[in-house]
Amino acid sequence: MNNAMWKNTEEKFGLISKLFHWLSAITVFSMFGVGFWMVDLTYYSQWYKTAPHWHESVGVLLFIVTILRLIWRLISFQPKAIASHSLQVKQASKIAHIGLYLLLFVLMSSGFLMSSADGRSIEVFNWFSVGGLGDLLENQEDIAGLVHEYSAYILITLSLLHGAAAVKHHLIDKDETLSRMLK
Amino acid sequence: MKKLLLVTTLFASSALLPAFAADYKIDHEGAHASINIKASHLGFSVLTGRFNKFTGTFSYDEKNISAAKVSVKVDTSSFDSNHAMRDKHVRSDDFLDVNKFAQATFISTKVTDQGNGKLAINGNFTLHGVTKPMTIDAVKVGEGSDPWGGYRLGFSGTATISMADFGFKQDYGQVDLELHIEGIRQ
């Protein structure tokens, strides 16, 4: 495997960027599904403790991955915007990409602030733990919980639009928007 | 002049009346009062929690105990069991639903002297928008002047409620309430 496959070029994304992208995509959609399901578990469910534990663990790991992803984005070469895209499309996709990153951070921080509101640290798969900041606001767990819930719905909606737009570019506009993230 | 004298006398005597049944304000500022709950955790142990914010008043006269009254308002969003995610769950619409029912109240209807400083306080308890009669078994702890120029009187009390009576979405059986109340005479 040569060096060129790993790194981004002017035309397409390299393997590292693609892995970051698809790992985040799979994680975000799975976390949404698990989160949606686990909040209604009854106390007597065998998943009552396990599902939130895994959800929190994956959340912390995704945070680390996203930080690495942003570092990689900063230090690596970004493929150029596709020439056939109109200015509006270029601007809209730029805003959407910034929005996706912002929402990811709002989602991950609110989740962290909710679960660690009493200063309890978050155990990541009993592998390492992340210390809580404690109560920064009164009833922080309630406020952070609402932010977590709404930002999750907004992120999933924006992700679906982002995916639908890529499919539209692939099938209708027949440009390389989607293929340069796949191939 | 006679009229004025009469009015003054009336006022004076009415001002004297509360002295028989003194009014007390629950000392929540100094936190010399607490409202605690106890519930069973799956039958393995006892879980405790408390409400950090509440206000209340009572009136009490040793010589006329049946005239005693008590009224307490609890801010349900102040529930605290030393575990943020559990508190969040208890405040959610599975249980207290504090966005809809921000207050729980107890207003006494009848106080009976049981002797030896013991009282049975009957009243209406409103929780989760449901009002049910509840009896608090109370015992007087102490009464007298405090070192700072005030006059204090305190009680402890217990009561038991069934979660099923108050229409919670989730029901984990009985909850014991434990009250420690100190009032400052007004």
# chains A, B, ... in the order shown; residues from 1 in each chain; ligands from 1

$ closest_atom_pairs --of "chain B" --to "chain A" --cutoff "7 Å" --atoms "only C-alpha atoms" --output "JSON lines"
{"residue": "B:His83", "atom": "CA", "partner": "A:Asp118", "partner_atom": "CA", "distance": 6.2}
{"residue": "B:Ala84", "atom": "CA", "partner": "A:Asp118", "partner_atom": "CA", "distance": 5.3}
{"residue": "B:Met85", "atom": "CA", "partner": "A:Ser115", "partner_atom": "CA", "distance": 6.3}
{"residue": "B:Lys88", "atom": "CA", "partner": "A:Asp142", "partner_atom": "CA", "distance": 5.8}

$ write_last_selection --atoms "N, CA and C atoms" --output "tab-separated table (two decimals), in the first residue's frame"
chain	number	residue	atom	x	y	z
B	83	HIS	N	-27.21	11.11	43.33
B	83	HIS	CA	-26.89	10.42	42.08
B	83	HIS	C	-27.64	11.16	40.97
B	84	ALA	N	-26.90	11.97	40.20
B	84	ALA	CA	-27.53	12.89	39.24
B	84	ALA	C	-28.47	12.18	38.27
B	85	MET	N	-28.06	11.04	37.71
B	85	MET	CA	-28.90	10.39	36.72
B	85	MET	C	-30.17	9.80	37.34
B	88	LYS	N	-32.45	12.79	37.95
B	88	LYS	CA	-33.04	13.20	36.68
B	88	LYS	C	-34.22	12.28	36.36

$ select_by_dssp --residues "stretch 113-170 of chain A" --states "strand (DSSP E)" --output "ChimeraX atom specification"
/A:122-124,128-130

$ residues_around --residues "A:Asp175" --least-positions-apart "5" --cutoff "8 Å" --atoms "only C-alpha atoms" --output "number ranges by chain"
A: 84, 169-170

$ residues_around --residues "B:Ser40" --least-positions-apart "6" --cutoff "10 Å" --atoms "only C-alpha atoms" --output "PDB file with all heavy atoms, in the first residue's frame"
ATOM      1  N   VAL B  46     -32.012  -0.137  51.548  1.00  0.00           N
ATOM      2  CA  VAL B  46     -32.880   1.034  51.635  1.00  0.00           C
ATOM      3  C   VAL B  46     -32.194   2.204  50.940  1.00  0.00           C
ATOM      4  O   VAL B  46     -31.039   2.516  51.223  1.00  0.00           O
ATOM      5  CB  VAL B  46     -33.171   1.390  53.110  1.00  0.00           C
ATOM      6  CG1 VAL B  46     -33.989   2.671  53.197  1.00  0.00           C
ATOM      7  CG2 VAL B  46     -33.897   0.243  53.788  1.00  0.00           C
ATOM      8  N   LEU B  47     -32.923   2.801  50.006  1.00  0.00           N
ATOM      9  CA  LEU B  47     -32.397   3.961  49.297  1.00  0.00           C
ATOM     10  C   LEU B  47     -32.945   5.225  49.962  1.00  0.00           C
ATOM     11  O   LEU B  47     -34.124   5.287  50.264  1.00  0.00           O
ATOM     12  CB  LEU B  47     -32.873   3.910  47.850  1.00  0.00           C
ATOM     13  CG  LEU B  47     -32.466   5.138  47.045  1.00  0.00           C
ATOM     14  CD1 LEU B  47     -31.403   4.756  46.068  1.00  0.00           C
ATOM     15  CD2 LEU B  47     -33.632   5.777  46.371  1.00  0.00           C
ATOM     16  N   THR B  48     -32.091   6.201  50.199  1.00  0.00           N
ATOM     17  CA  THR B  48     -32.589   7.437  50.797  1.00  0.00           C
ATOM     18  C   THR B  48     -32.400   8.606  49.843  1.00  0.00           C
ATOM     19  O   THR B  48     -31.504   8.614  49.007  1.00  0.00           O
ATOM     20  CB  THR B  48     -31.868   7.780  52.122  1.00  0.00           C
ATOM     21  OG1 THR B  48     -30.506   8.077  51.838  1.00  0.00           O
ATOM     22  CG2 THR B  48     -31.955   6.648  53.115  1.00  0.00           C
ATOM     23  N   TYR B 172     -42.715   1.593  42.274  1.00  0.00           N
ATOM     24  CA  TYR B 172     -41.827   0.686  43.003  1.00  0.00           C
ATOM     25  C   TYR B 172     -42.274   0.523  44.453  1.00  0.00           C
ATOM     26  O   TYR B 172     -41.460   0.413  45.369  1.00  0.00           O
ATOM     27  CB  TYR B 172     -40.369   1.179  42.924  1.00  0.00           C
ATOM     28  CG  TYR B 172     -39.846   1.176  41.501  1.00  0.00           C
ATOM     29  CD1 TYR B 172     -39.397   2.341  40.895  1.00  0.00           C
ATOM     30  CD2 TYR B 172     -39.825  -0.004  40.769  1.00  0.00           C
ATOM     31  CE1 TYR B 172     -38.939   2.328  39.583  1.00  0.00           C
ATOM     32  CE2 TYR B 172     -39.377  -0.019  39.462  1.00  0.00           C
ATOM     33  CZ  TYR B 172     -38.934   1.142  38.864  1.00  0.00           C
ATOM     34  OH  TYR B 172     -38.494   1.132  37.571  1.00  0.00           O
ATOM     35  N   GLY B 173     -43.584   0.553  44.650  1.00  0.00           N
ATOM     36  CA  GLY B 173     -44.115   0.227  45.966  1.00  0.00           C
ATOM     37  C   GLY B 173     -44.222   1.395  46.918  1.00  0.00           C
ATOM     38  O   GLY B 173     -44.598   2.495  46.536  1.00  0.00           O
ATOM     39  N   GLN B 174     -43.861   1.114  48.162  1.00  0.00           N
ATOM     40  CA  GLN B 174     -44.066   2.104  49.222  1.00  0.00           C
ATOM     41  C   GLN B 174     -42.851   2.992  49.416  1.00  0.00           C
ATOM     42  O   GLN B 174     -41.712   2.572  49.230  1.00  0.00           O
ATOM     43  CB  GLN B 174     -44.354   1.371  50.522  1.00  0.00           C
ATOM     44  CG  GLN B 174     -45.704   0.662  50.481  1.00  0.00           C
ATOM     45  CD  GLN B 174     -46.290   0.495  51.851  1.00  0.00           C
ATOM     46  OE1 GLN B 174     -45.590   0.193  52.805  1.00  0.00           O
ATOM     47  NE2 GLN B 174     -47.587   0.695  51.971  1.00  0.00           N
ATOM     48  N   VAL B 175     -43.137   4.219  49.808  1.00  0.00           N
ATOM     49  CA  VAL B 175     -42.075   5.175  50.110  1.00  0.00           C
ATOM     50  C   VAL B 175     -42.336   5.734  51.506  1.00  0.00           C
ATOM     51  O   VAL B 175     -43.455   6.141  51.815  1.00  0.00           O
ATOM     52  CB  VAL B 175     -42.047   6.325  49.077  1.00  0.00           C
ATOM     53  CG1 VAL B 175     -40.994   7.360  49.445  1.00  0.00           C
ATOM     54  CG2 VAL B 175     -41.790   5.784  47.676  1.00  0.00           C
ATOM     55  N   ASP B 176     -41.313   5.688  52.343  1.00  0.00           N
ATOM     56  CA  ASP B 176     -41.434   6.276  53.677  1.00  0.00           C
ATOM     57  C   ASP B 176     -40.954   7.714  53.626  1.00  0.00           C
ATOM     58  O   ASP B 176     -39.912   8.008  53.035  1.00  0.00           O
ATOM     59  CB  ASP B 176     -40.564   5.513  54.688  1.00  0.00           C
ATOM     60  CG  ASP B 176     -41.085   4.107  54.923  1.00  0.00           C
ATOM     61  OD1 ASP B 176     -42.324   3.921  54.855  1.00  0.00           O
ATOM     62  OD2 ASP B 176     -40.265   3.202  55.164  1.00  0.00           O
TER      63      ASP B 176
END

$ residues_around --residues "A:Ala144" --least-positions-apart "6" --cutoff "7 Å" --atoms "only C-alpha atoms" --output "PyMOL selection string"
chain A and resi 110-111+113-114

$ write_last_selection --atoms "N, CA and C atoms" --output "compact mmCIF listing (two decimals), in the first residue's frame"
# COMPACT_ATOMS: atom_id res chain seq x y z
N SER A 110 -22.84 17.57 26.18
CA SER A 110 -24.04 17.52 27.02
C SER A 110 -24.20 16.14 27.64
N GLY A 111 -23.87 15.11 26.88
CA GLY A 111 -23.93 13.75 27.43
C GLY A 111 -22.99 13.59 28.60
N LEU A 113 -21.76 16.06 30.51
CA LEU A 113 -22.18 16.90 31.64
C LEU A 113 -23.37 16.33 32.38
N MET A 114 -24.21 15.58 31.63
CA MET A 114 -25.39 14.96 32.25
C MET A 114 -24.95 13.80 33.14

$ residues_around --residues "B:Lys100" --least-positions-apart "3" --cutoff "9 Å" --atoms "only C-alpha atoms" --output "mmCIF file with N, CA, C and O atoms, in the first residue's frame"
data_model
loop_
_atom_site.group_PDB
_atom_site.id
_atom_site.type_symbol
_atom_site.label_atom_id
_atom_site.label_comp_id
_atom_site.auth_asym_id
_atom_site.auth_seq_id
_atom_site.Cartn_x
_atom_site.Cartn_y
_atom_site.Cartn_z
ATOM 1 N N ASP B 93 -41.006 12.451 33.793
ATOM 2 C CA ASP B 93 -42.434 12.095 33.819
ATOM 3 C C ASP B 93 -42.682 10.616 34.151
ATOM 4 O O ASP B 93 -43.828 10.187 34.217
ATOM 5 N N LEU B 96 -42.022 12.011 39.320
ATOM 6 C CA LEU B 96 -42.560 13.276 39.850
ATOM 7 C C LEU B 96 -43.080 14.226 38.768
ATOM 8 O O LEU B 96 -43.954 15.038 39.043
ATOM 9 N N ASP B 97 -42.541 14.138 37.555
ATOM 10 C CA ASP B 97 -42.935 15.023 36.455
ATOM 11 C C ASP B 97 -42.914 16.489 36.910
ATOM 12 O O ASP B 97 -43.930 17.186 36.874
ATOM 13 N N GLN B 103 -44.833 21.498 42.533
ATOM 14 C CA GLN B 103 -44.998 21.598 43.972
ATOM 15 C C GLN B 103 -45.733 20.398 44.550
ATOM 16 O O GLN B 103 -46.648 19.864 43.932
ATOM 17 N N HIS B 128 -47.801 15.063 42.541
ATOM 18 C CA HIS B 128 -48.068 14.641 41.162
ATOM 19 C C HIS B 128 -49.505 14.976 40.777
ATOM 20 O O HIS B 128 -50.160 14.250 40.032
ATOM 21 N N GLY B 129 -50.021 16.086 41.363
ATOM 22 C CA GLY B 129 -51.372 16.534 41.052
ATOM 23 C C GLY B 129 -52.488 15.721 41.681
ATOM 24 O O GLY B 129 -53.660 15.956 41.410
#

$ atom_distance --atom1 "atom CA of A:Ile156" --atom2 "atom CA of A:Leu103"
9.6 Å

$ atom_distance --atom1 "atom CA of B:Ile136" --atom2 "atom CA of B:Phe106"
10.0 Å

$ residues_around --residues "B:Asn99" --least-positions-apart "5" --cutoff "10 Å" --atoms "only C-alpha atoms" --output "PDB file with N, CA, C and O atoms, in the first residue's frame"
ATOM      1  N   THR B  76     -40.581  20.185  44.096  1.00  0.00           N
ATOM      2  CA  THR B  76     -40.289  18.801  43.702  1.00  0.00           C
ATOM      3  C   THR B  76     -38.998  18.683  42.866  1.00  0.00           C
ATOM      4  O   THR B  76     -38.368  17.635  42.856  1.00  0.00           O
ATOM      5  N   SER B  77     -38.614  19.788  42.188  1.00  0.00           N
ATOM      6  CA  SER B  77     -37.398  19.705  41.358  1.00  0.00           C
ATOM      7  C   SER B  77     -36.132  19.666  42.205  1.00  0.00           C
ATOM      8  O   SER B  77     -35.041  19.478  41.689  1.00  0.00           O
ATOM      9  N   ARG B  91     -37.164  12.972  38.656  1.00  0.00           N
ATOM     10  CA  ARG B  91     -37.831  14.234  38.308  1.00  0.00           C
ATOM     11  C   ARG B  91     -38.584  14.140  36.975  1.00  0.00           C
ATOM     12  O   ARG B  91     -39.398  14.992  36.670  1.00  0.00           O
ATOM     13  N   SER B  92     -38.289  13.099  36.186  1.00  0.00           N
ATOM     14  CA  SER B  92     -38.896  12.988  34.848  1.00  0.00           C
ATOM     15  C   SER B  92     -40.355  12.563  34.947  1.00  0.00           C
ATOM     16  O   SER B  92     -40.872  12.313  36.029  1.00  0.00           O
ATOM     17  N   ASP B  93     -41.006  12.451  33.793  1.00  0.00           N
ATOM     18  CA  ASP B  93     -42.434  12.095  33.819  1.00  0.00           C
ATOM     19  C   ASP B  93     -42.682  10.616  34.151  1.00  0.00           C
ATOM     20  O   ASP B  93     -43.828  10.187  34.217  1.00  0.00           O
TER      21      ASP B  93
END

$ atom_distance --atom1 "atom CA of A:Pro52" --atom2 "atom CA of B:Ala164"
27.3 Å
